[in-house]
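Scroll down for the structure; my scribbles are underneath it.
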Amino acid sequence: MSLPRDLVPEPEGITEGDLVIARAWKYDGGAHWVVPGRYLGADRHGHWVIQPQGSLVSRPGAGFAAASDAVCLFPHQGDWVATCYDDSHPAGLRLYIDVSCNLGWQPLKLAGWEFNSIDMDLDVVRSTTRGVYLDDEDEFADHAGSMGYPAELVRRLQGAADDLLARVRTGAEPFGATADDWFVRGRRLIAQAVG
């Protein structure tokens, strides 16, 4: 497999309700997670997409229907992608940030957009049961060797993870209450689509 080329930093002409496919890759070009959603809009933090309960969440060898609604934030800049949950998440997740690189958009052939990123293993997580923590440091270390992560990229992503961890612990936006309004907007969009 090969990583997508010709990505653009912003989705020109995207409108509320447009299909957005979030596609994550691994550094070696292998496919990772794919999740569909609907575009909600943008603010100073980035672009917001709702991924409704029941959406297919899949990767090679695994797939499931999302157990609750999620609102994703694809930032205007930064080495991360955030997925926000509310109290309907059955496992108590509230925030899951994938430390990522090579973020960008490309138009789908028929309609909508695809948002691409390379998942770089490290995750900043906030849950009701475990609090705020950094996950998958061992996977990051293993892949840094086996996939040949450049040393400068390793330093940059470790710095991004440390910064995100500190920001989430203090409730800095957009990792505080900002997602709440996007949940309201997203659920209204879903209700209009099915009603």
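Residue numbers start at 1 in each chain; chains themselves are named A, B, ... in the order of the structure tokens; ligands are numbered from 1 in the order shown.
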
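Using only C-alpha atoms, the residues found no farther than 12 Å from Leu157 (chain A), other than those of its own chain fewer than 5 positions away, are Gly78, Asp79, Trp80, Asp98, Val99, Ser100, Cys101, Asn102, Ile118, Asp119, Met120, Asp121, Leu122, Asp123, Val124, Glu137, Phe140, Ala141, Ala144, Tyr149, Pro150, Ala151, Glu152, Asp162, Asp163 and Leu164 of chain A.
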
With a distance cut-off of 7 Å and only C-alpha atoms, select the neighbouring residues of Arg94 (chain A), excluding the residue or stretch itself and same-chain residues fewer than 5 positions from it, and output the selection as a PDB file with C-alpha atoms, in the first residue's frame.
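Result file is selection37.pdb:
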ATOM      1  CA  CYS A  84     -14.625  13.580  21.619  1.00  0.00           C
ATOM      2  CA  TYR A  85     -17.294  11.552  23.391  1.00  0.00           C
ATOM      3  CA  ASP A  86     -20.023  12.456  25.861  1.00  0.00           C
ATOM      4  CA  ARG A 126      -9.307  11.109  29.042  1.00  0.00           C
ATOM      5  CA  SER A 127     -11.756   8.649  30.578  1.00  0.00           C
TER       6      SER A 127
END

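Using only C-alpha atoms for every distance, the candidate list A:Asp6, A:Leu103, A:Asp136, A:Leu73 yields A:Leu73 as the residue closest to Asp43 (chain A).
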
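For the set A:Gly145, A:Gly104, A:Gly176, A:Gly30, the residue with the smallest atom-to-atom gap to Pro75 (chain A) is A:Gly104, counting only C-alpha atoms.
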
Sel. of strand (DSSP E) residues, region 68-186 of chain A, as a count of residues only: 46

Backbone DSSP call of alpha helix (DSSP H) for region 19-148 of chain A, listed as a list in words: Glu137, Asp138, Glu139, Phe140, Ala141, Asp142, His143, Ala144, Gly145 and Ser146 of chain A

May I have the residues from that selection written out with C-alpha atoms, as a PDB file, in the first residue's frame?
ATOM      1  CA  GLU A 137       4.314   4.456  24.375  1.00  0.00           C
ATOM      2  CA  ASP A 138       5.581   0.883  23.960  1.00  0.00           C
ATOM      3  CA  GLU A 139       4.028   0.613  20.486  1.00  0.00           C
ATOM      4  CA  PHE A 140       5.597   3.957  19.536  1.00  0.00           C
ATOM      5  CA  ALA A 141       9.034   2.748  20.657  1.00  0.00           C
ATOM      6  CA  ASP A 142       8.629  -0.563  18.796  1.00  0.00           C
ATOM      7  CA  HIS A 143       7.453   1.084  15.571  1.00  0.00           C
ATOM      8  CA  ALA A 144      10.131   3.780  15.744  1.00  0.00           C
ATOM      9  CA  GLY A 145      12.614   0.942  15.230  1.00  0.00           C
ATOM     10  CA  SER A 146      10.689  -1.457  13.010  1.00  0.00           C
TER      11      SER A 146
END
